[in-house]
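Student: Enclosed is the structure file structure_21.cif (mmCIF, C-alpha atoms).
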```cif
data_target
#
loop_
_atom_site.label_atom_id
_atom_site.label_comp_id
_atom_site.auth_asym_id
_atom_site.auth_seq_id
_atom_site.Cartn_x
_atom_site.Cartn_y
_atom_site.Cartn_z
CA MET A 1 20.06 -37.56 8.18
CA ILE A 2 19.66 -34.42 6.06
CA LEU A 3 17.85 -31.73 7.99
CA LYS A 4 15.45 -29.10 6.73
CA PRO A 5 17.39 -26.15 5.33
CA ASN A 6 16.57 -22.65 6.47
CA PRO A 7 15.12 -20.88 3.41
CA SER A 8 15.33 -17.38 4.87
CA LEU A 9 19.03 -17.52 5.69
CA GLY A 10 19.97 -15.73 2.47
CA VAL A 11 22.30 -18.63 1.66
CA PRO A 12 21.08 -20.66 -1.36
CA ILE A 13 19.34 -23.86 -0.23
CA TYR A 14 21.51 -26.01 -2.50
CA LEU A 15 24.62 -24.69 -0.72
CA GLN A 16 23.06 -25.52 2.65
CA LEU A 17 22.36 -29.07 1.46
CA MET A 18 25.92 -29.40 0.13
CA GLU A 19 27.33 -28.24 3.47
CA GLN A 20 25.20 -30.79 5.32
CA VAL A 21 26.32 -33.68 3.12
CA LYS A 22 29.97 -32.62 3.32
CA HIS A 23 29.70 -32.27 7.07
CA ALA A 24 28.18 -35.76 7.32
CA ILE A 25 31.10 -37.12 5.28
CA GLU A 26 33.63 -35.23 7.40
CA THR A 27 32.23 -36.50 10.67
CA GLY A 28 31.95 -40.06 9.34
CA ALA A 29 28.14 -40.10 9.55
CA LEU A 30 28.31 -40.90 5.83
CA LYS A 31 30.98 -43.34 4.66
CA PRO A 32 32.32 -43.95 1.14
CA GLY A 33 29.84 -46.11 -0.75
CA ASP A 34 26.84 -45.04 1.38
CA GLN A 35 23.74 -44.20 -0.62
CA LEU A 36 22.17 -40.76 -0.32
CA PRO A 37 18.39 -40.29 -0.39
CA GLY A 38 16.88 -40.00 -3.88
CA ILE A 39 16.30 -36.53 -5.27
CA ARG A 40 12.49 -36.74 -5.28
CA PRO A 41 11.99 -38.40 -1.89
CA LEU A 42 14.37 -35.89 -0.32
CA ALA A 43 12.64 -32.94 -1.98
CA GLU A 44 9.28 -34.19 -0.70
CA GLU A 45 10.59 -34.87 2.78
CA LEU A 46 12.19 -31.42 3.11
CA VAL A 47 9.37 -29.71 1.14
CA ILE A 48 11.81 -28.00 -1.19
CA ASN A 49 12.17 -27.88 -4.95
CA ALA A 50 13.54 -31.09 -6.53
CA ASN A 51 15.62 -28.97 -8.93
CA THR A 52 17.38 -27.54 -5.88
CA VAL A 53 18.24 -31.02 -4.57
CA ALA A 54 19.41 -32.04 -8.05
CA LYS A 55 21.63 -28.98 -8.22
CA ALA A 56 23.19 -29.76 -4.81
CA TYR A 57 23.91 -33.33 -5.93
CA ARG A 58 25.37 -32.14 -9.26
CA GLU A 59 27.70 -29.72 -7.50
CA LEU A 60 28.72 -32.36 -4.93
CA GLU A 61 29.53 -34.69 -7.80
CA HIS A 62 31.50 -31.93 -9.48
CA GLU A 63 33.52 -31.52 -6.26
CA GLY A 64 34.13 -35.26 -6.10
CA ALA A 65 32.27 -35.78 -2.83
CA ILE A 66 29.59 -38.04 -4.32
CA GLU A 67 28.99 -40.11 -7.45
CA LEU A 68 25.75 -40.10 -9.39
CA ARG A 69 25.21 -43.54 -10.87
CA HIS A 70 22.67 -43.46 -13.61
CA GLY A 71 19.41 -45.03 -12.50
CA ALA A 72 20.90 -46.24 -9.21
CA GLY A 73 21.12 -42.98 -7.28
CA ALA A 74 23.75 -40.96 -5.44
CA PHE A 75 26.58 -42.52 -3.44
CA VAL A 76 29.34 -41.10 -1.28
CA SER A 77 32.46 -41.19 -3.42
CA ALA A 78 35.25 -43.63 -2.58
CA LYS A 79 37.62 -40.68 -2.94
CA ALA A 80 35.73 -38.70 -0.32
CA HIS A 81 38.46 -39.34 2.29
CA GLY A 82 36.08 -39.04 5.19
CA GLN A 83 38.68 -39.73 7.84
CA LYS A 84 41.22 -37.24 6.53
CA LEU A 85 38.60 -34.53 6.41
CA ALA A 86 37.50 -35.43 9.93
CA ASP A 87 41.10 -35.08 11.09
CA ARG A 88 41.40 -31.73 9.39
CA VAL A 89 38.25 -30.51 11.06
CA ARG A 90 39.42 -31.80 14.43
CA SER A 91 42.78 -30.10 14.06
CA ALA A 92 41.06 -26.81 13.23
CA GLN A 93 38.92 -26.92 16.36
CA PRO A 94 41.60 -25.68 18.84
CA LEU A 95 42.30 -22.77 16.48
CA ILE A 96 38.64 -21.76 16.51
CA ALA A 97 38.42 -22.28 20.27
CA SER A 98 41.36 -19.96 20.93
CA THR A 99 40.05 -17.34 18.49
CA VAL A 100 36.65 -17.38 20.16
CA GLU A 101 38.28 -17.11 23.61
CA ARG A 102 40.32 -14.10 22.53
CA LEU A 103 37.27 -12.40 21.06
CA ARG A 104 35.31 -13.04 24.27
CA ALA A 105 38.20 -11.62 26.26
CA LYS A 106 37.89 -8.47 24.14
CA GLY A 107 34.33 -8.20 25.39
CA LEU A 108 32.47 -9.42 22.30
CA SER A 109 29.24 -11.32 22.86
CA ASP A 110 28.72 -14.77 21.33
CA GLU A 111 26.11 -13.26 19.02
CA GLU A 112 28.61 -10.66 17.78
CA ILE A 113 31.23 -13.35 17.24
CA ARG A 114 28.75 -15.48 15.32
CA ARG A 115 27.86 -12.51 13.13
CA LEU A 116 31.52 -11.82 12.43
CA PHE A 117 32.10 -15.44 11.40
CA GLU A 118 29.02 -15.46 9.19
CA ALA A 119 29.95 -12.17 7.57
CA GLU A 120 33.46 -13.43 6.90
CA LEU A 121 32.19 -16.67 5.40
CA ALA A 122 29.49 -14.96 3.34
CA GLY A 123 32.00 -12.46 2.00
CA TYR A 124 34.58 -15.08 1.17
CA GLY A 125 34.05 -17.43 -1.75
CA LYS A 126 30.61 -16.14 -2.64
CA THR A 127 31.24 -12.68 -4.03
CA GLY A 128 34.50 -13.80 -5.61
CA GLU A 129 32.83 -16.64 -7.47
CA GLN A 130 31.76 -16.17 -11.07
CA ARG A 131 28.07 -16.63 -11.53
CA GLY A 132 25.85 -16.32 -14.58
CA MET B 133 33.55 -23.46 -14.02
CA ALA B 134 31.37 -24.91 -16.74
CA ARG B 135 27.83 -24.86 -15.42
CA ARG B 136 25.02 -26.42 -17.37
CA GLU B 137 22.34 -24.13 -16.13
CA SER B 138 18.66 -23.74 -16.70
CA ASN B 139 18.76 -20.94 -19.29
CA VAL B 140 18.46 -23.56 -22.03
CA VAL B 141 15.21 -24.96 -20.58
CA GLU B 142 12.15 -24.40 -22.74
CA ALA B 143 9.71 -21.73 -21.52
CA ILE B 144 6.16 -22.84 -20.75
CA VAL B 145 5.01 -19.24 -20.30
CA GLU B 146 6.33 -16.38 -22.42
CA ILE B 147 5.02 -12.87 -21.95
CA ALA B 148 6.49 -10.10 -24.10
CA ASP B 149 5.88 -6.35 -23.82
CA LEU B 150 2.39 -6.93 -22.43
CA ARG B 151 0.26 -3.85 -21.86
CA LYS B 152 -3.20 -3.55 -20.38
CA THR B 153 -5.00 -0.31 -19.76
CA TYR B 154 -8.21 -0.10 -17.75
CA GLY B 155 -9.95 3.23 -18.31
CA GLY B 156 -6.70 5.17 -18.63
CA VAL B 157 -4.94 3.26 -15.83
CA GLU B 158 -2.01 1.16 -16.96
CA ALA B 159 -2.21 -2.16 -15.06
CA LEU B 160 0.50 -3.70 -17.22
CA ALA B 161 3.13 -1.45 -18.76
CA GLY B 162 5.33 -3.63 -20.96
CA LEU B 163 5.61 -6.79 -18.87
CA ASN B 164 8.20 -9.39 -19.89
CA LEU B 165 8.16 -12.76 -18.16
CA ARG B 166 9.52 -16.20 -18.93
CA VAL B 167 8.66 -19.28 -16.86
CA PRO B 168 10.90 -22.31 -17.52
CA ARG B 169 9.13 -25.68 -17.87
CA GLY B 170 9.33 -27.76 -14.69
CA ALA B 171 9.99 -24.75 -12.47
CA ILE B 172 8.18 -23.49 -9.43
CA CYS B 173 8.12 -19.79 -10.24
CA GLY B 174 7.27 -17.21 -7.61
CA LEU B 175 5.58 -14.07 -8.86
CA LEU B 176 6.13 -11.27 -6.36
CA GLY B 177 4.78 -7.77 -6.28
CA ARG B 178 2.94 -5.28 -4.12
CA ASN B 179 -0.84 -5.05 -4.24
CA GLY B 180 -1.84 -3.57 -7.57
CA ALA B 181 1.50 -4.37 -9.19
CA GLY B 182 -0.27 -6.22 -12.01
CA LYS B 183 0.20 -9.86 -10.95
CA THR B 184 -3.44 -10.92 -11.15
CA THR B 185 -3.97 -9.05 -14.44
CA ALA B 186 -0.98 -10.90 -15.91
CA LEU B 187 -2.33 -14.27 -14.75
CA LYS B 188 -5.76 -13.46 -16.15
CA ALA B 189 -4.25 -12.45 -19.50
CA LEU B 190 -2.51 -15.81 -19.52
CA LEU B 191 -5.83 -17.57 -19.00
CA GLY B 192 -7.60 -15.49 -21.63
CA MET B 193 -9.77 -13.84 -18.97
CA VAL B 194 -8.35 -10.40 -19.73
CA ARG B 195 -7.80 -9.01 -23.23
CA PRO B 196 -4.37 -7.35 -23.57
CA THR B 197 -4.16 -3.83 -24.97
CA SER B 198 -0.95 -4.87 -26.75
CA GLY B 199 1.91 -7.34 -26.52
CA THR B 200 1.99 -11.13 -26.64
CA VAL B 201 1.10 -13.81 -24.11
CA LYS B 202 1.99 -17.41 -24.84
CA ALA B 203 1.55 -20.56 -22.79
CA HIS B 204 2.47 -24.06 -23.99
CA GLY B 205 3.59 -22.27 -27.18
CA LEU B 206 -0.01 -21.15 -27.83
CA ALA B 207 -1.22 -17.56 -28.16
CA ALA B 208 -3.63 -16.48 -25.41
CA ASP B 209 -5.36 -13.91 -27.63
CA VAL B 210 -6.42 -16.44 -30.30
CA PRO B 211 -9.73 -17.96 -29.09
CA GLU B 212 -9.12 -21.60 -30.14
CA GLN B 213 -5.58 -21.52 -28.79
CA SER B 214 -6.74 -19.87 -25.58
CA LEU B 215 -9.20 -22.73 -25.08
CA GLU B 216 -6.36 -25.22 -25.45
CA ILE B 217 -4.25 -23.21 -22.95
CA ARG B 218 -7.09 -23.47 -20.43
CA ARG B 219 -7.34 -27.23 -21.04
CA ARG B 220 -3.70 -27.62 -20.15
CA THR B 221 -3.63 -25.15 -17.28
CA SER B 222 -5.33 -25.21 -13.90
CA PHE B 223 -5.95 -22.20 -11.71
CA VAL B 224 -6.49 -21.55 -8.03
CA SER B 225 -8.05 -18.10 -8.01
CA GLU B 226 -7.53 -15.55 -5.29
CA ASP B 227 -11.17 -15.65 -4.22
CA ARG B 228 -11.45 -19.48 -4.32
CA ASP B 229 -14.76 -19.06 -6.08
CA LEU B 230 -16.25 -22.35 -4.94
CA TYR B 231 -19.66 -21.67 -3.46
CA SER B 232 -21.53 -24.73 -4.59
CA SER B 233 -24.23 -26.52 -2.64
CA MET B 234 -22.60 -29.72 -3.93
CA SER B 235 -20.79 -31.89 -1.45
CA VAL B 236 -16.99 -32.17 -1.53
CA ALA B 237 -17.30 -35.66 -3.02
CA GLY B 238 -19.83 -34.31 -5.51
CA ILE B 239 -17.59 -31.51 -6.77
CA VAL B 240 -14.61 -33.86 -7.00
CA GLY B 241 -16.75 -36.26 -9.07
CA PHE B 242 -17.92 -33.34 -11.22
CA ALA B 243 -14.30 -32.25 -11.86
CA ALA B 244 -13.35 -35.85 -12.69
CA GLY B 245 -15.94 -35.83 -15.48
CA LEU B 246 -14.81 -32.41 -16.70
CA TYR B 247 -11.08 -33.07 -17.09
CA PRO B 248 -10.04 -35.86 -19.49
CA ARG B 249 -6.72 -36.31 -17.70
CA TRP B 250 -8.15 -36.21 -14.16
CA ARG B 251 -5.91 -37.98 -11.64
CA ALA B 252 -8.41 -40.04 -9.64
CA ASP B 253 -5.56 -41.80 -7.79
CA LEU B 254 -4.20 -38.48 -6.50
CA ALA B 255 -7.65 -37.11 -5.71
CA ALA B 256 -8.39 -40.05 -3.42
CA GLU B 257 -4.98 -39.71 -1.78
CA TYR B 258 -5.33 -35.94 -1.25
CA LEU B 259 -8.87 -36.21 0.15
CA ARG B 260 -7.46 -38.49 2.84
CA LYS B 261 -4.27 -36.52 3.47
CA LEU B 262 -6.00 -33.16 3.68
CA GLU B 263 -8.79 -34.61 5.84
CA LEU B 264 -11.52 -33.00 3.78
CA PRO B 265 -15.08 -33.84 4.91
CA VAL B 266 -16.39 -35.53 1.75
CA GLU B 267 -20.08 -35.36 2.71
CA ARG B 268 -20.13 -31.68 3.66
CA SER B 269 -21.44 -29.17 1.14
CA VAL B 270 -18.81 -26.84 -0.27
CA LYS B 271 -20.56 -23.67 0.91
CA HIS B 272 -20.29 -24.88 4.50
CA LEU B 273 -16.55 -25.43 4.37
CA SER B 274 -14.23 -23.21 6.38
CA ARG B 275 -11.98 -20.90 4.37
CA GLY B 276 -9.00 -23.16 5.05
CA MET B 277 -10.85 -26.24 3.82
CA ARG B 278 -12.11 -24.40 0.76
CA THR B 279 -8.51 -23.49 -0.04
CA LYS B 280 -7.42 -27.12 0.36
CA LEU B 281 -10.23 -28.22 -1.95
CA ALA B 282 -9.23 -25.61 -4.56
CA TRP B 283 -5.65 -26.97 -4.45
CA LEU B 284 -6.89 -30.53 -4.78
CA LEU B 285 -8.93 -29.66 -7.87
CA ALA B 286 -6.02 -27.75 -9.44
CA LEU B 287 -3.42 -30.43 -8.76
CA CYS B 288 -5.59 -33.35 -9.90
CA ALA B 289 -6.87 -31.81 -13.16
CA GLY B 290 -3.94 -33.32 -15.05
CA ALA B 291 -2.69 -29.89 -16.12
CA GLU B 292 0.92 -29.30 -17.15
CA LEU B 293 0.80 -25.78 -15.74
CA VAL B 294 -0.71 -24.88 -12.36
CA ILE B 295 -1.35 -21.23 -11.61
CA LEU B 296 -1.93 -20.33 -7.97
CA ASP B 297 -2.99 -16.82 -6.96
CA GLU B 298 -2.35 -16.11 -3.26
CA PRO B 299 -2.71 -19.86 -2.64
CA THR B 300 -1.74 -19.95 1.05
CA ALA B 301 -3.47 -16.77 2.23
CA GLY B 302 -5.31 -17.45 5.48
CA LEU B 303 -3.85 -20.91 6.01
CA ASP B 304 -2.14 -22.04 9.19
CA PRO B 305 1.53 -23.11 8.89
CA VAL B 306 0.70 -26.83 9.06
CA ALA B 307 -1.80 -26.63 6.20
CA THR B 308 0.60 -24.47 4.20
CA GLU B 309 3.38 -27.03 4.59
CA GLU B 310 0.98 -29.87 3.64
CA LEU B 311 -0.08 -28.13 0.43
CA LEU B 312 3.44 -27.07 -0.51
CA GLN B 313 4.51 -30.68 -0.07
CA LEU B 314 1.83 -31.84 -2.52
CA LEU B 315 2.98 -29.20 -4.99
CA VAL B 316 6.67 -30.09 -4.67
CA ALA B 317 5.80 -33.75 -5.22
CA ARG B 318 3.66 -33.05 -8.31
CA VAL B 319 6.46 -30.95 -9.81
CA ALA B 320 9.15 -33.51 -8.97
CA ARG B 321 7.26 -36.62 -10.09
CA ASP B 322 5.28 -35.41 -13.08
CA GLY B 323 7.23 -32.41 -14.36
CA VAL B 324 4.34 -30.03 -13.70
CA THR B 325 5.19 -26.30 -13.79
CA ALA B 326 3.80 -24.00 -11.09
CA LEU B 327 3.36 -20.25 -11.21
CA LEU B 328 2.75 -18.92 -7.74
CA SER B 329 1.65 -15.36 -7.12
CA THR B 330 1.97 -14.55 -3.43
CA HIS B 331 2.96 -12.19 -0.63
CA GLN B 332 4.22 -15.13 1.43
CA LEU B 333 7.92 -14.69 0.72
CA ALA B 334 8.74 -17.58 3.05
CA ASP B 335 6.77 -19.99 0.83
CA ILE B 336 8.66 -18.77 -2.22
CA GLU B 337 12.04 -19.00 -0.49
CA GLN B 338 11.26 -22.56 0.45
CA VAL B 339 9.91 -24.09 -2.75
CA ALA B 340 10.58 -21.79 -5.72
CA ASP B 341 13.55 -22.10 -8.03
CA HIS B 342 12.66 -19.10 -10.14
CA VAL B 343 11.46 -15.65 -9.08
CA ALA B 344 10.00 -12.65 -10.86
CA ILE B 345 9.40 -9.32 -9.14
CA ILE B 346 6.72 -7.15 -10.73
CA ASP B 347 6.11 -3.50 -9.96
CA HIS B 348 3.94 -0.94 -11.75
CA GLY B 349 3.08 -3.46 -14.45
CA ARG B 350 6.66 -4.35 -15.37
CA ALA B 351 9.08 -7.07 -14.30
CA LEU B 352 12.04 -5.64 -12.37
CA LEU B 353 13.66 -9.04 -11.89
CA ASP B 354 13.18 -12.44 -13.53
CA ALA B 355 15.86 -14.92 -12.49
CA PRO B 356 16.68 -18.22 -10.79
CA LEU B 357 16.30 -17.77 -7.02
CA ASP B 358 19.75 -19.22 -6.31
CA ASP B 359 21.31 -16.65 -8.64
CA LEU B 360 19.54 -13.86 -6.74
CA ARG B 361 20.71 -15.22 -3.42
CA ALA B 362 24.26 -15.70 -4.67
CA SER B 363 24.59 -12.33 -6.36
CA HIS B 364 22.86 -10.03 -3.85
CA ARG B 365 24.82 -8.82 -0.84
CA ARG B 366 24.33 -6.21 1.82
CA VAL B 367 27.52 -4.25 2.40
CA GLN B 368 27.53 -2.56 5.77
CA VAL B 369 30.10 0.22 6.01
CA VAL B 370 30.96 2.08 9.20
CA PHE B 371 32.92 5.33 9.19
CA ALA B 372 34.73 7.03 12.09
CA GLY B 373 32.63 10.16 11.58
CA GLU B 374 29.53 11.01 9.56
CA ALA B 375 29.22 8.63 6.60
CA PRO B 376 29.97 10.46 3.34
CA GLU B 377 27.60 10.41 0.39
CA ILE B 378 29.24 8.09 -2.12
CA ALA B 379 28.13 7.82 -5.73
CA PHE B 380 29.25 4.23 -6.23
CA ALA B 381 30.75 3.52 -9.63
CA THR B 382 30.54 -0.23 -9.07
CA ARG B 383 27.88 -1.90 -11.21
CA GLY B 384 24.77 -3.47 -9.69
CA VAL B 385 24.22 -1.12 -6.74
CA VAL B 386 20.50 -1.42 -5.94
CA SER B 387 20.20 0.94 -3.01
CA VAL B 388 22.30 3.03 -0.63
CA ARG B 389 21.06 4.05 2.80
CA ARG B 390 22.91 6.51 4.99
CA ALA B 391 22.28 6.81 8.72
CA GLY B 392 24.83 8.60 10.91
CA ARG B 393 28.14 6.77 10.64
CA VAL B 394 26.67 3.79 8.82
CA LEU B 395 26.21 3.25 5.09
CA THR B 396 24.17 0.22 4.01
CA VAL B 397 24.49 -0.77 0.37
CA LEU B 398 22.46 -3.46 -1.36
CA VAL B 399 24.36 -4.67 -4.41
CA ARG B 400 23.24 -7.20 -6.99
CA ALA B 401 26.58 -7.95 -8.60
CA ASP B 402 29.96 -6.83 -7.34
CA ALA B 403 30.00 -6.64 -3.52
CA ASP B 404 33.82 -6.65 -3.50
CA GLY B 405 33.82 -3.59 -5.74
CA VAL B 406 31.53 -1.73 -3.32
CA ALA B 407 33.69 -2.80 -0.37
CA ALA B 408 36.84 -1.55 -2.16
CA GLU B 409 35.21 1.80 -2.98
CA ALA B 410 34.08 2.21 0.63
CA ARG B 411 37.57 1.45 1.94
CA ALA B 412 39.07 3.94 -0.50
CA ARG B 413 36.79 6.56 1.09
CA GLY B 414 38.19 5.77 4.52
CA ALA B 415 35.67 3.26 5.91
CA ALA B 416 36.56 2.06 9.40
CA SER B 417 34.87 -1.31 8.90
CA VAL B 418 33.23 -3.13 5.99
CA ASP B 419 30.99 -6.22 6.38
CA VAL B 420 29.59 -8.18 3.46
CA LEU B 421 26.42 -10.04 4.46
CA PRO B 422 23.97 -12.36 2.69
CA VAL B 423 20.47 -11.00 2.13
CA THR B 424 17.04 -12.57 2.32
CA LEU B 425 14.47 -12.54 -0.46
CA LYS B 426 12.45 -10.10 1.64
CA GLU B 427 15.27 -7.56 1.60
CA ILE B 428 15.82 -8.05 -2.14
CA PHE B 429 12.11 -7.56 -2.75
CA ILE B 430 11.71 -4.47 -0.57
CA GLU B 431 14.84 -2.74 -1.85
CA THR B 432 14.15 -3.57 -5.51
CA VAL B 433 10.62 -2.23 -5.32
CA ALA B 434 11.65 0.81 -3.23
CA GLU B 435 14.43 1.68 -5.67
CA GLU B 436 11.96 1.57 -8.56
CA LYS B 437 9.77 4.02 -6.68
CA SER B 438 12.57 6.46 -5.88
CA ASN B 439 13.65 6.47 -9.53
CA GLY B 440 10.26 7.95 -10.24
CA LEU B 441 9.43 5.32 -12.84
CA GLY B 442 6.01 3.88 -13.46
#
```
Kindly return the structure encoded in the file as C-alpha cells.
Tutor:
Amino acid sequence: MILKPNPSLGVPIYLQLMEQVKHAIETGALKPGDQLPGIRPLAEELVINANTVAKAYRELEHEGAIELRHGAGAFVSAKAHGQKLADRVRSAQPLIASTVERLRAKGLSDEEIRRLFEAELAGYGKTGEQRG
Amino acid sequence: MARRESNVVEAIVEIADLRKTYGGVEALAGLNLRVPRGAICGLLGRNGAGKTTALKALLGMVRPTSGTVKAHGLAADVPEQSLEIRRRTSFVSEDRDLYSSMSVAGIVGFAAGLYPRWRADLAAEYLRKLELPVERSVKHLSRGMRTKLAWLLALCAGAELVILDEPTAGLDPVATEELLQLLVARVARDGVTALLSTHQLADIEQVADHVAIIDHGRALLDAPLDDLRASHRRVQVVFAGEAPEIAFATRGVVSVRRAGRVLTVLVRADADGVAAEARARGAASVDVLPVTLKEIFIETVAEEKSNGLG
C-alpha cells in the first residue's frame, strides 16, 4: 500500500510517507481502525531508515491521523474522518481543473504548471515552519 | 511545536578538533564529528577531503597529530582502548582487501572463530540471499562478489558500529539495493550504528538519517538529513532587466549565482527572508524550490572553496 518514496525529491522522506498515509485515508484506502505496517518491516520493504518511518508515524500521531498503541502497532485513528476528507478533496478537484485549464489557455505547458504547483507547495508551510 | 528530537541521543562516535598532518600536508584540520547511536550516518566529501583518514583514526590505524577521537566512549589513541574499539567495530575498507586463497565458506568459518559475537544465523541467511559461491576461492571472486562478501563479514561480526568506506562503488543497482536492505534491517532490528563514507549521494539520500559534509579536513555540516532537506531552499529570482548584485542580509545564505536576469540563491535557513529582500529590489518573479542533497553538497563545498579557506 505504501510506495517507495523518492529520496532525491528534496522533500524529506518522512513527509512523503506522511502524505501517502494521509492520501490513503482521504481516498478511503485506509479506514479508521486499519493497522499500518510495522516500522521495521516497512523500513526493510522500502529500504529506508527505520528512524525515518518512526518519525513519520510520530508526526501522523501528533496530527491525529493515526494512533500508536504500545506493543500493538500503528492504527488509523477513529477521528481520522476519512469520508469528510475525501469529500473535501473531491470538492477541490473542480477548482484545480479550472485553474489548470486557465493556465493551459495562457500557453503554459503541463511541465511548467507542475513546477509552479510544486514551487508553491514547497514554499508554503515548509519555510514558515520552525525547525531546530 | 514540541519536538522530541534526536539531539539527546548518545553519540557512539565523537571526534573533536582532530588534526593529522602527513609530511606538512594537513589531511585533517580540526575535524569535529558526532555520530548518534542507532543512526545511519553518511560521510560526504570530495576525494582527499579527509574522510578515509578520519575513519582510520577512529580505528586506530592512523595516529592523530592532535585532537581526540572516541568511539563507544573509548579513546582511540590509548592502545588498550583502541583494541576494544576494534572489537566492537567492523570495517569494510575501500580496497576490500580480501585476497585469500581460502574459499568463501572457509573465510566465513574463519571469521566465525575470530569474532566472539559472530552471527552465524545471519551469515547463513546472507550467503543464500547474496548468492555467494561458497566453494569458490576468494581471489577468484568478481569485484561485486568480493564487495558482497566484505559486507557479509562486516554485518555478521556482531559489531555495534559498522564503518563502510565507499561500500557500493562498482556495484550494480540491484546489488546496491540488496546490501542497503541488509544494512537497514541490521540497524532497525539490532540497533547497530552505521557510518558510511561514499560518493553515492543517492544511497545516502535513501537510507541515512544523519549527514556530515567534510572538506579540507573539517566538517562543514553535521546534521540530521531531514533538517537539511527542510531548511535548505533554492530561491530563483527573475528580474525584468539584468539581475542586480545583492548582498543579502538574511542569515543562512550559502551561495548566490547571477546569470543574466536570473539570480539563484541557496539558503540554509530563511528562504522567506531572501524572497522578501529580492522583492524589495524589484524582482519580477520569485520561486522557492526544494533542493536535493547533491545541490546542498556541491554548493556547500563550492562556497568553502570560494571563501578561500582550507
Student: Starting from the shown file, work through the PyMOL selection byres ((chain B) within 10 of (chain A)) and note down what comes out as a PyMOL selection string.
Tutor: chain B and resi 133+135-139+170-172+309-321+333-341+357-367+401-405+418-428
Student: At what distance in Å, to one decimal, does atom CA of A:Pro37 lie from atom CA of B:Leu259?
Tutor: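 Computing it gives 27.6 Å between the two atoms.
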Student: Quick check, in Å to one decimal: how far apart do atom CA of B:Ala355 and atom CA of B:Ile147 lie?
Tutor: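 Between these atoms lies a distance of 14.5 Å.
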Student: When the PyMOL selection byres ((chain B and resi 200-213) around 7) is applied to the file above, which residues end up in the set, as a PyMOL selection string?
Tutor: chain B and resi 144-150+190-192+198-199+214-217
Student: Enumerate, as a PyMOL selection string, the residues matched when the PyMOL selection byres ((chain A and resi 19-32) around 12) is run on the file above.
Tutor: chain A and resi 1-6+11-18+33-37+53+56-57+59-61+63-67+74-90
Student: Nearest residue to B:Thr184 out of B:Ala289, B:Val224, B:Val157, B:Val343, using only C-alpha atoms?
Tutor: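 For B:Thr184, the nearest of the given residues is B:Val224.
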Student: In Å, rounded to a single decimal, give me how far atom CA of B:Ile345 is from atom CA of B:Asp297.
Tutor: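 Atom CA of B:Ile345 lies 14.6 Å from atom CA of B:Asp297.
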Student: Using all atoms listed in the file, can you tell me which of B:Gly349, B:Leu284, B:Leu398, B:Val266 comes closest to B:Ala159?
Tutor: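 For B:Ala159, the nearest of the given residues is B:Gly349.
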Student: Taking 5 positions as the minimum chain separation for residues in the same chain, which residues sit within 10 Å of B:Ala391 when counting all atoms listed in the file? Answer as a ChimeraX atom specification.
Tutor: /B:370,374-375,396
Student: Given all atoms listed in the file as the basis, pick out the residue of B:Ile239, B:Ala410, B:Val324, B:Ala256 nearest to B:Ala282.
Tutor: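 Of the candidates, the smallest distance to B:Ala282 is held by B:Ile239.
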Student: Please provide as a list in words all residues within 10 Å of B:Asp354, with the sequence filter that same-chain residues fewer than 4 positions apart are discarded (counting only C-alpha atoms).
Tutor: Asn164, Leu165, Arg166, Val167, Cys173, Gly174, Leu175, His342, Val343, Ala344, Ile345, Ile346 and Leu360 of chain B
Student: Residues at most 12 Å from B:Asp304, counting all atoms listed in the file, excluding those fewer than 4 positions away in the same chain, as a VMD selection string?
Tutor: chain B and resid 275 to 277 279 to 280 300 308 to 311
